[in-house]
file input36.cif (mmCIF, C-alpha atoms)
data_query
#
loop_
_atom_site.label_atom_id
_atom_site.label_comp_id
_atom_site.auth_asym_id
_atom_site.auth_seq_id
_atom_site.Cartn_x
_atom_site.Cartn_y
_atom_site.Cartn_z
CA MET Q 14 -6.72 12.72 -21.58
CA SER Q 15 -7.15 9.02 -21.14
CA ALA Q 16 -7.57 6.30 -18.55
CA PHE Q 17 -3.86 5.56 -19.06
CA GLU Q 18 -2.74 9.13 -18.31
CA ASP Q 19 -0.58 8.01 -15.35
CA LEU Q 20 0.82 4.91 -17.08
CA SER Q 21 2.82 6.28 -19.99
CA PRO Q 22 6.15 4.52 -20.58
CA GLY Q 23 8.86 6.05 -18.42
CA SER Q 24 6.49 6.84 -15.54
CA ARG Q 25 7.86 5.74 -12.17
CA LEU Q 26 5.14 4.56 -9.84
CA ALA Q 27 5.87 4.85 -6.11
CA ILE Q 28 3.98 1.68 -5.22
CA GLY Q 29 4.69 1.79 -1.48
CA SER Q 30 6.59 0.18 1.39
CA HIS Q 31 6.23 -3.03 3.36
CA HIS Q 32 7.64 -3.54 6.85
CA PHE Q 33 8.83 -7.09 7.48
CA SER Q 34 8.34 -7.71 11.19
CA ALA Q 35 9.35 -11.06 12.69
CA GLU Q 36 5.67 -11.90 13.14
CA ASN Q 37 4.89 -10.98 9.52
CA ILE Q 38 7.83 -13.07 8.24
CA ARG Q 39 6.68 -16.09 10.26
CA SER Q 40 3.05 -15.70 9.19
CA PHE Q 41 3.95 -16.02 5.50
CA ALA Q 42 6.61 -18.69 6.01
CA GLN Q 43 4.39 -20.97 8.13
CA ARG Q 44 2.02 -21.24 5.21
CA PHE Q 45 4.27 -21.15 2.15
CA ASP Q 46 7.94 -21.54 3.01
CA PRO Q 47 8.38 -23.33 6.35
CA GLN Q 48 12.18 -23.36 6.49
CA PRO Q 49 13.80 -22.75 9.91
CA CYS Q 50 15.61 -19.57 8.73
CA HIS Q 51 12.17 -17.97 8.23
CA LEU Q 52 10.53 -19.39 11.38
CA ASP Q 53 12.95 -20.00 14.23
CA GLU Q 54 14.13 -16.75 15.81
CA ALA Q 55 16.61 -18.41 18.17
CA ALA Q 56 18.27 -20.34 15.33
CA ALA Q 57 18.19 -17.24 13.13
CA ALA Q 58 19.95 -15.21 15.84
CA ARG Q 59 22.85 -17.69 15.70
CA SER Q 60 22.97 -17.65 11.86
CA PRO Q 61 25.35 -15.41 9.87
CA PHE Q 62 22.45 -12.99 9.29
CA GLY Q 63 21.71 -12.70 13.01
CA ALA Q 64 17.97 -12.32 12.48
CA LEU Q 65 14.93 -13.98 10.99
CA ARG Q 66 15.05 -13.82 7.20
CA ALA Q 67 11.92 -13.29 5.09
CA SER Q 68 11.04 -15.92 2.49
CA ASP Q 69 12.22 -14.80 -0.94
CA TRP Q 70 8.68 -15.33 -2.19
CA HIS Q 71 7.31 -13.14 0.60
CA VAL Q 72 9.52 -10.28 -0.63
CA ALA Q 73 7.97 -10.67 -4.10
CA VAL Q 74 4.36 -11.22 -2.99
CA ALA Q 75 4.45 -8.19 -0.62
CA TRP Q 76 4.48 -5.92 -3.69
CA MET Q 77 1.07 -7.14 -4.85
CA PRO Q 78 -1.26 -5.69 -2.16
CA LEU Q 79 0.64 -2.40 -2.48
CA LEU Q 80 0.05 -2.45 -6.24
CA VAL Q 81 -3.66 -3.15 -5.77
CA ALA Q 82 -3.93 -0.15 -3.42
CA TYR Q 83 -1.88 2.03 -5.75
CA ARG Q 84 -4.13 1.17 -8.69
CA ALA Q 85 -7.18 2.20 -6.67
CA GLN Q 86 -5.56 5.65 -6.47
CA LEU Q 87 -5.06 5.68 -10.26
CA VAL Q 88 -8.75 4.86 -10.72
CA ALA Q 89 -9.72 7.69 -8.35
CA ARG Q 90 -7.44 10.13 -10.20
CA ALA Q 91 -8.95 9.18 -13.59
CA ARG Q 92 -12.43 9.67 -12.14
CA ALA Q 93 -11.44 13.09 -10.78
CA ARG Q 94 -10.17 14.07 -14.24
CA GLY Q 95 -13.42 12.93 -15.81
CA ASP Q 96 -11.65 10.21 -17.80
CA ALA Q 97 -12.67 6.59 -18.23
CA GLU Q 98 -11.35 4.54 -15.32
CA PRO Q 99 -8.47 2.17 -16.03
CA LEU Q 100 -9.43 -1.47 -15.54
CA PHE Q 101 -6.83 -4.07 -14.63
CA GLY Q 102 -6.94 -7.75 -15.50
CA PRO Q 103 -4.75 -10.76 -14.82
CA SER Q 104 -1.03 -11.01 -15.47
CA PRO Q 105 0.42 -13.48 -17.99
CA GLY Q 106 3.58 -13.72 -15.93
CA VAL Q 107 6.85 -12.47 -14.51
CA ALA Q 108 10.38 -12.41 -15.91
CA ASP Q 109 13.86 -11.70 -14.55
CA LEU Q 110 12.80 -12.02 -10.92
CA LYS Q 111 16.03 -11.62 -8.95
CA TRP Q 112 16.86 -11.54 -5.28
CA PHE Q 113 20.01 -9.65 -4.37
CA GLY Q 114 20.27 -10.02 -0.62
CA PRO Q 115 18.39 -11.05 2.50
CA VAL Q 116 15.40 -9.17 3.92
CA LEU Q 117 15.61 -9.48 7.69
CA ALA Q 118 13.13 -8.91 10.51
CA GLY Q 119 12.82 -5.15 11.03
CA ASP Q 120 13.58 -4.26 7.39
CA THR Q 121 11.30 -2.07 5.29
CA VAL Q 122 11.27 -2.56 1.54
CA THR Q 123 10.09 0.27 -0.73
CA TYR Q 124 8.86 -0.80 -4.15
CA THR Q 125 8.99 1.38 -7.26
CA SER Q 126 7.58 0.17 -10.56
CA GLU Q 127 8.60 1.84 -13.78
CA VAL Q 128 6.28 1.58 -16.77
CA THR Q 129 8.47 0.10 -19.51
CA GLY Q 130 5.75 -0.72 -22.02
CA LEU Q 131 2.10 -0.18 -22.85
CA ARG Q 132 0.86 -1.78 -26.05
CA ARG Q 133 -2.43 -2.99 -27.47
CA SER Q 134 -3.00 -6.72 -27.09
CA ALA Q 135 -3.17 -8.44 -30.48
CA ARG Q 136 -5.24 -11.30 -29.07
CA ARG Q 137 -7.60 -9.49 -26.68
CA PRO Q 138 -9.55 -6.65 -28.28
CA GLY Q 139 -10.02 -3.72 -25.90
CA TRP Q 140 -7.07 -4.76 -23.76
CA SER Q 141 -3.52 -3.53 -23.57
CA LEU Q 142 -0.46 -5.08 -21.96
CA LEU Q 143 1.24 -2.96 -19.36
CA THR Q 144 4.85 -3.87 -18.58
CA LEU Q 145 6.32 -2.87 -15.22
CA HIS Q 146 9.92 -3.08 -14.08
CA THR Q 147 9.82 -3.22 -10.31
CA VAL Q 148 12.67 -2.67 -7.88
CA GLY Q 149 12.51 -3.16 -4.11
CA VAL Q 150 14.99 -1.22 -1.97
CA ASN Q 151 15.53 -1.60 1.77
CA GLN Q 152 15.90 1.19 4.35
CA ARG Q 153 19.69 1.26 3.75
CA GLY Q 154 19.20 1.91 0.05
CA GLU Q 155 20.21 -1.62 -0.96
CA THR Q 156 18.29 -3.22 -3.82
CA VAL Q 157 16.90 -6.53 -2.55
CA ILE Q 158 14.62 -7.60 -5.40
CA SER Q 159 13.75 -6.73 -8.98
CA PHE Q 160 11.39 -8.19 -11.56
CA ILE Q 161 9.48 -7.44 -14.72
CA ASN Q 162 5.85 -8.30 -15.21
CA THR Q 163 3.07 -7.75 -17.65
CA ILE Q 164 -0.52 -6.99 -16.70
CA PHE Q 165 -3.64 -6.77 -18.84
CA ALA Q 166 -5.16 -3.28 -18.61
CA SER Q 167 -8.07 -1.63 -20.35
CA ASP Q 168 -8.79 2.05 -20.92
CA ARG Q 169 -12.42 1.43 -21.78
CA GLY Q 170 -13.66 2.00 -18.26
CA ALA Q 171 -15.07 -0.26 -15.60
CA THR Q 172 -17.58 -1.87 -17.96
CA ALA Q 173 -14.97 -3.03 -20.51
CA MET M 20 20.71 -32.82 9.53
CA LYS M 21 20.45 -31.89 5.83
CA LYS M 22 20.60 -34.87 3.51
CA ARG M 23 20.83 -33.23 0.14
CA PHE M 24 23.53 -30.87 -1.15
CA PHE M 25 24.51 -29.19 -4.41
CA GLU M 26 26.51 -32.27 -5.44
CA ASP M 27 23.37 -34.42 -5.28
CA PHE M 28 21.63 -32.55 -8.09
CA ARG M 29 22.27 -33.71 -11.65
CA PRO M 30 20.92 -32.36 -14.93
CA GLY M 31 17.99 -34.45 -16.09
CA MET M 32 16.79 -35.43 -12.59
CA THR M 33 13.02 -35.25 -12.28
CA MET M 34 10.79 -35.12 -9.22
CA ARG M 35 7.08 -34.82 -8.70
CA PHE M 36 5.23 -33.22 -5.78
CA GLY M 37 1.55 -33.28 -4.84
CA PRO M 38 -1.26 -33.50 -5.66
CA ARG M 39 -2.43 -30.83 -3.27
CA LEU M 40 -6.01 -29.63 -2.93
CA VAL M 41 -6.52 -25.85 -3.18
CA THR M 42 -9.82 -24.97 -1.55
CA ARG M 43 -12.08 -22.03 -2.31
CA GLU M 44 -11.43 -20.72 1.23
CA GLU M 45 -7.68 -20.75 0.66
CA ILE M 46 -8.08 -18.89 -2.64
CA LEU M 47 -10.32 -16.26 -1.05
CA GLY M 48 -8.06 -15.98 2.01
CA PHE M 49 -4.90 -15.46 -0.03
CA ALA M 50 -6.65 -12.92 -2.26
CA ALA M 51 -8.04 -10.97 0.70
CA GLU M 52 -4.57 -10.70 2.21
CA PHE M 53 -2.30 -10.27 -0.83
CA ASP M 54 -4.22 -9.72 -4.08
CA SER M 55 -7.69 -8.33 -3.49
CA GLN M 56 -8.75 -7.98 -7.11
CA PRO M 57 -12.46 -8.78 -7.59
CA MET M 58 -11.70 -11.69 -9.98
CA HIS M 59 -9.91 -13.47 -7.11
CA LEU M 60 -12.65 -12.74 -4.55
CA ASP M 61 -16.01 -12.93 -6.24
CA GLU M 62 -17.58 -15.53 -8.56
CA GLU M 63 -19.50 -13.00 -10.65
CA ALA M 64 -16.54 -10.63 -10.99
CA GLY M 65 -14.43 -13.62 -11.99
CA ARG M 66 -16.92 -14.57 -14.71
CA GLN M 67 -16.82 -11.06 -16.13
CA SER M 68 -13.02 -10.97 -16.10
CA LEU M 69 -10.54 -12.47 -18.58
CA LEU M 70 -10.27 -15.42 -16.18
CA GLY M 71 -13.85 -16.51 -16.97
CA GLY M 72 -14.65 -17.44 -13.37
CA LEU M 73 -13.31 -17.17 -9.83
CA ALA M 74 -9.60 -17.99 -9.88
CA GLY M 75 -6.72 -17.75 -7.45
CA SER M 76 -3.97 -15.14 -7.62
CA GLY M 77 -0.96 -16.19 -9.69
CA TRP M 78 1.14 -15.34 -6.65
CA HIS M 79 -0.90 -17.89 -4.71
CA THR M 80 0.08 -20.59 -7.23
CA ALA M 81 3.73 -19.51 -6.91
CA SER M 82 3.54 -19.57 -3.10
CA LEU M 83 1.89 -23.01 -3.08
CA MET M 84 4.52 -24.31 -5.47
CA MET M 85 7.21 -23.15 -3.04
CA ARG M 86 5.41 -24.89 -0.17
CA MET M 87 5.26 -28.13 -2.15
CA LEU M 88 8.96 -27.84 -3.01
CA VAL M 89 9.86 -27.23 0.65
CA ASP M 90 7.77 -30.15 1.90
CA GLY M 91 8.96 -32.56 -0.78
CA LEU M 92 12.57 -31.56 -1.27
CA LEU M 93 13.99 -28.37 0.17
CA ALA M 94 13.37 -29.07 3.88
CA GLU M 95 15.95 -31.85 3.52
CA THR M 96 18.25 -29.80 1.32
CA CYS M 97 20.94 -27.31 2.23
CA MET M 98 18.80 -24.59 0.61
CA LEU M 99 20.35 -21.14 0.86
CA GLY M 100 17.67 -19.26 -1.05
CA MET M 101 16.20 -18.46 -4.42
CA SER M 102 18.68 -16.95 -6.84
CA GLU M 103 16.40 -15.95 -9.65
CA VAL M 104 13.32 -16.80 -11.65
CA GLU M 105 14.10 -16.28 -15.30
CA GLU M 106 10.49 -16.74 -16.27
CA MET M 107 7.23 -17.54 -14.51
CA ARG M 108 4.14 -17.84 -16.70
CA TRP M 109 0.57 -18.11 -15.46
CA LEU M 110 -0.92 -20.31 -18.14
CA SER M 111 -4.47 -20.98 -17.00
CA PRO M 112 -6.62 -19.98 -14.03
CA LEU M 113 -6.23 -21.68 -10.65
CA ARG M 114 -9.79 -22.80 -9.97
CA PRO M 115 -11.26 -23.49 -6.51
CA GLU M 116 -10.96 -27.13 -5.43
CA SER M 117 -8.14 -27.81 -7.92
CA ARG M 118 -5.62 -30.52 -7.13
CA ILE M 119 -2.29 -29.21 -8.23
CA ALA M 120 0.93 -31.12 -8.81
CA VAL M 121 4.44 -29.88 -9.49
CA ALA M 122 6.82 -31.60 -11.92
CA LEU M 123 10.38 -30.47 -11.34
CA GLN M 124 13.27 -31.04 -13.70
CA VAL M 125 16.89 -30.17 -13.00
CA LEU M 126 18.17 -28.36 -16.10
CA ASP M 127 21.71 -27.55 -15.07
CA THR M 128 24.06 -27.14 -12.12
CA THR M 129 26.69 -24.43 -12.13
CA ALA M 130 29.21 -22.83 -9.82
CA LEU M 131 28.21 -19.62 -8.10
CA GLU M 132 30.71 -16.84 -8.74
CA GLY M 133 32.45 -15.69 -5.60
CA HIS M 134 30.57 -18.22 -3.49
CA PRO M 135 32.70 -21.39 -3.15
CA ALA M 136 30.41 -22.92 -0.52
CA ALA M 137 27.36 -23.02 -2.79
CA GLY M 138 26.21 -23.66 -6.33
CA LEU M 139 23.24 -22.87 -8.54
CA VAL M 140 20.72 -25.53 -9.46
CA LYS M 141 18.69 -24.42 -12.44
CA ILE M 142 15.21 -25.92 -12.46
CA ARG M 143 12.07 -26.06 -14.53
CA CYS M 144 8.79 -26.47 -12.65
CA ASP M 145 5.47 -27.22 -14.30
CA VAL M 146 2.36 -26.86 -12.15
CA THR M 147 -0.69 -28.70 -13.48
CA ASP M 148 -4.19 -29.30 -12.15
CA GLN M 149 -6.13 -32.58 -11.91
CA PHE M 150 -6.97 -32.39 -15.62
CA ASP M 151 -3.27 -32.03 -16.50
CA THR M 152 -3.97 -28.46 -17.59
CA PRO M 153 -0.80 -26.37 -17.23
CA VAL M 154 -1.49 -23.72 -14.57
CA MET M 155 2.00 -22.27 -14.18
CA GLY M 156 5.45 -22.82 -15.63
CA LEU M 157 8.65 -21.55 -14.08
CA THR M 158 12.32 -21.59 -14.93
CA GLY M 159 14.64 -20.49 -12.16
CA ALA M 160 17.68 -21.20 -10.04
CA LEU M 161 18.10 -22.27 -6.44
CA LYS M 162 21.18 -21.50 -4.37
CA ILE M 163 22.23 -24.78 -2.72
CA GLY M 164 25.09 -25.36 -0.28
CA ARG M 165 27.93 -27.75 -1.12
CA ARG M 166 28.53 -30.85 1.00
CA ALA M 167 32.19 -30.01 1.55
CA ALA M 168 31.23 -26.67 3.10
CA ALA M 169 28.89 -28.36 5.57
CA SER M 170 31.35 -30.93 6.91
#
call {"tool": "encode", "arguments": {"input": "input36.cif", "output": "structure tokens"}}
result
Amino acid sequence: MSAFEDLSPGSRLAIGSHHFSAENIRSFAQRFDPQPCHLDEAAAARSPFGALRASDWHVAVAWMPLLVAYRAQLVARARARGDAEPLFGPSPGVADLKWFGPVLAGDTVTYTSEVTGLRRSARRPGWSLLTLHTVGVNQRGETVISFINTIFASDRGATA
Amino acid sequence: MKKRFFEDFRPGMTMRFGPRLVTREEILGFAAEFDSQPMHLDEEAGRQSLLGGLAGSGWHTASLMMRMLVDGLLAETCMLGMSEVEEMRWLSPLRPESRIAVALQVLDTTALEGHPAAGLVKIRCDVTDQFDTPVMGLTGALKIGRRAAAS
């Protein structure tokens, strides 16, 4: 058994769901994407979408706190097994980030990340690079976002 | 009234936005809300991490880049949304009290299949700090409305 028990390639991680309320959409948009379609409910009601639309970046960023919480569960599971705890580091980046349709006020997006790679880092001894292919699906089963990202991870425990 | 449409973008155009100060409070606030990893929240944890010191979330850099693009360009543009980000690389840590700037280059403009009222503007954005250190690089495409469709 290893710290990476739950992260073998092919594993599908049910990262979690985020509900995009009008207030939540505005809170992100005011700070990072202040376009009227994300802020002005009256104008949004008259738009073709008929409701406030979440910033595209909000739909991507909303995955991150869910991932952080999900990883805490992986750490707890490794501890319960008596394995070294997986340690997560920064991410070198994201690829193929695509938005397929609007996320509107009242929508809930459920994110699933599939492990598509786990390999030793050539440059960072003790570290591996975890590759995740993430898909976000709304409550009607429509895919609204997908992306691939890599994350540094170590199986040497919390002191690595 | 939007002033800039798809037709106004040409390959080779360059624009620059910022500098913008990113305070320690902003970094900690973003991390607490969206990316609560210790390296984004605590100086000592940051030092022990691969980042070598407290640093902002990469998603924070991306979000700030979007804000700078909206303020400097997109608020005046018939912006319909992001289409895709082919690649976004976090190249060096976003340190507290950095002053970041965004250099944008238009790479290409293309028609959007099945969407006659809009086109795709492919862009390259390079985010640097006050030392000209590359913090983030992004290649992506914006969906921009055509002038004819607006009139």
call {"tool": "interface_residues", "arguments": {"input": "input36.cif", "of": "chain M", "to": "chain Q", "cutoff": "7 Å", "atoms": "all atoms listed in the file", "output": "ChimeraX atom specification"}}
result
/M:53-55,68-69,78,82-83,85-86,89,94,101-110
call {"tool": "atom_distance", "arguments": {"input": "input36.cif", "atom1": "CA of Gly139 (chain Q)", "atom2": "CA of Pro22 (chain Q)"}}
result
18.9 Å
call {"tool": "residues_around", "arguments": {"input": "input36.cif", "residues": "Ala118 (chain Q)", "least_positions_apart": "4", "cutoff": "9 Å", "atoms": "all atoms listed in the file", "output": "list in words"}}
result
His32, Phe33, Ser34, Ala35, Glu36, Asn37, Ile38, Ala64, Leu65, Arg66 and Ala67 of chain Q
call {"tool": "write_last_selection", "arguments": {"input": "input36.cif", "atoms": "C-alpha atoms", "output": "compact mmCIF listing (two decimals), in the frame of the given file"}}
result
# COMPACT_ATOMS: atom_id res chain seq x y z
CA HIS Q 32 7.64 -3.54 6.85
CA PHE Q 33 8.83 -7.09 7.48
CA SER Q 34 8.34 -7.71 11.19
CA ALA Q 35 9.35 -11.06 12.69
CA GLU Q 36 5.67 -11.90 13.14
CA ASN Q 37 4.89 -10.98 9.52
CA ILE Q 38 7.83 -13.07 8.24
CA ALA Q 64 17.97 -12.32 12.48
CA LEU Q 65 14.93 -13.98 10.99
CA ARG Q 66 15.05 -13.82 7.20
CA ALA Q 67 11.92 -13.29 5.09
call {"tool": "resolve_selection", "arguments": {"input": "input36.cif", "expression": "the PyMOL selection byres ((chain M and resi 134) around 12)", "output": "number ranges by chain"}}
result
M: 99, 129-133, 135-139, 162-165, 168
call {"tool": "closest_residue", "arguments": {"input": "input36.cif", "among": "Q:Asp120, Q:Glu98, Q:Asp168, Q:Asp19", "to": "Gly154 (chain Q)", "atoms": "only C-alpha atoms"}}
result
Q:Asp120
call {"tool": "resolve_selection", "arguments": {"input": "input36.cif", "expression": "the PyMOL selection byres ((chain M and resi 75) around 6)", "output": "list in words"}}
result
Ile46, His59, Ala74, Ser76 and Leu113 of chain M
call {"tool": "atom_distance", "arguments": {"input": "input36.cif", "atom1": "CA of Thr42 (chain M)", "atom2": "CA of Gly65 (chain M)"}}
result
16.1 Å
call {"tool": "atom_distance", "arguments": {"input": "input36.cif", "atom1": "CA of Val148 (chain Q)", "atom2": "CA of Ser126 (chain Q)"}}
result
6.4 Å
call {"tool": "closest_residue", "arguments": {"input": "input36.cif", "among": "Q:Gly29, Q:Gly63, Q:Gly95, Q:Pro138", "to": "Asn151 (chain Q)", "atoms": "only C-alpha atoms"}}
result
Q:Gly29
call {"tool": "residues_around", "arguments": {"input": "input36.cif", "residues": "Leu88 (chain M)", "least_positions_apart": "4", "cutoff": "12 Å", "atoms": "all atoms listed in the file", "output": "ChimeraX atom specification"}}
result
/Q:45-48 /M:34-39,81-84,92-96,98,101,120-124,142,144-146,161
call {"tool": "write_last_selection", "arguments": {"input": "input36.cif", "atoms": "C-alpha atoms", "output": "compact mmCIF listing (two decimals), in the frame of the given file"}}
result
# COMPACT_ATOMS: atom_id res chain seq x y z
CA PHE Q 45 4.27 -21.15 2.15
CA ASP Q 46 7.94 -21.54 3.01
CA PRO Q 47 8.38 -23.33 6.35
CA GLN Q 48 12.18 -23.36 6.49
CA MET M 34 10.79 -35.12 -9.22
CA ARG M 35 7.08 -34.82 -8.70
CA PHE M 36 5.23 -33.22 -5.78
CA GLY M 37 1.55 -33.28 -4.84
CA PRO M 38 -1.26 -33.50 -5.66
CA ARG M 39 -2.43 -30.83 -3.27
CA ALA M 81 3.73 -19.51 -6.91
CA SER M 82 3.54 -19.57 -3.10
CA LEU M 83 1.89 -23.01 -3.08
CA MET M 84 4.52 -24.31 -5.47
CA LEU M 92 12.57 -31.56 -1.27
CA LEU M 93 13.99 -28.37 0.17
CA ALA M 94 13.37 -29.07 3.88
CA GLU M 95 15.95 -31.85 3.52
CA THR M 96 18.25 -29.80 1.32
CA MET M 98 18.80 -24.59 0.61
CA MET M 101 16.20 -18.46 -4.42
CA ALA M 120 0.93 -31.12 -8.81
CA VAL M 121 4.44 -29.88 -9.49
CA ALA M 122 6.82 -31.60 -11.92
CA LEU M 123 10.38 -30.47 -11.34
CA GLN M 124 13.27 -31.04 -13.70
CA ILE M 142 15.21 -25.92 -12.46
CA CYS M 144 8.79 -26.47 -12.65
CA ASP M 145 5.47 -27.22 -14.30
CA VAL M 146 2.36 -26.86 -12.15
CA LEU M 161 18.10 -22.27 -6.44
call {"tool": "closest_residue", "arguments": {"input": "input36.cif", "among": "Q:Leu100, Q:Ala27, Q:Arg92, Q:Gln86", "to": "Ser141 (chain Q)", "atoms": "all atoms listed in the file"}}
result
Q:Leu100
call {"tool": "closest_residue", "arguments": {"input": "input36.cif", "among": "Q:Val122, Q:Ala91, Q:Leu26, Q:Leu117", "to": "Glu54 (chain Q)", "atoms": "all atoms listed in the file"}}
result
Q:Leu117
call {"tool": "closest_residue", "arguments": {"input": "input36.cif", "among": "M:Val41, M:Gly159, M:Thr147, M:Ala50", "to": "Val125 (chain M)", "atoms": "only C-alpha atoms"}}
result
M:Gly159
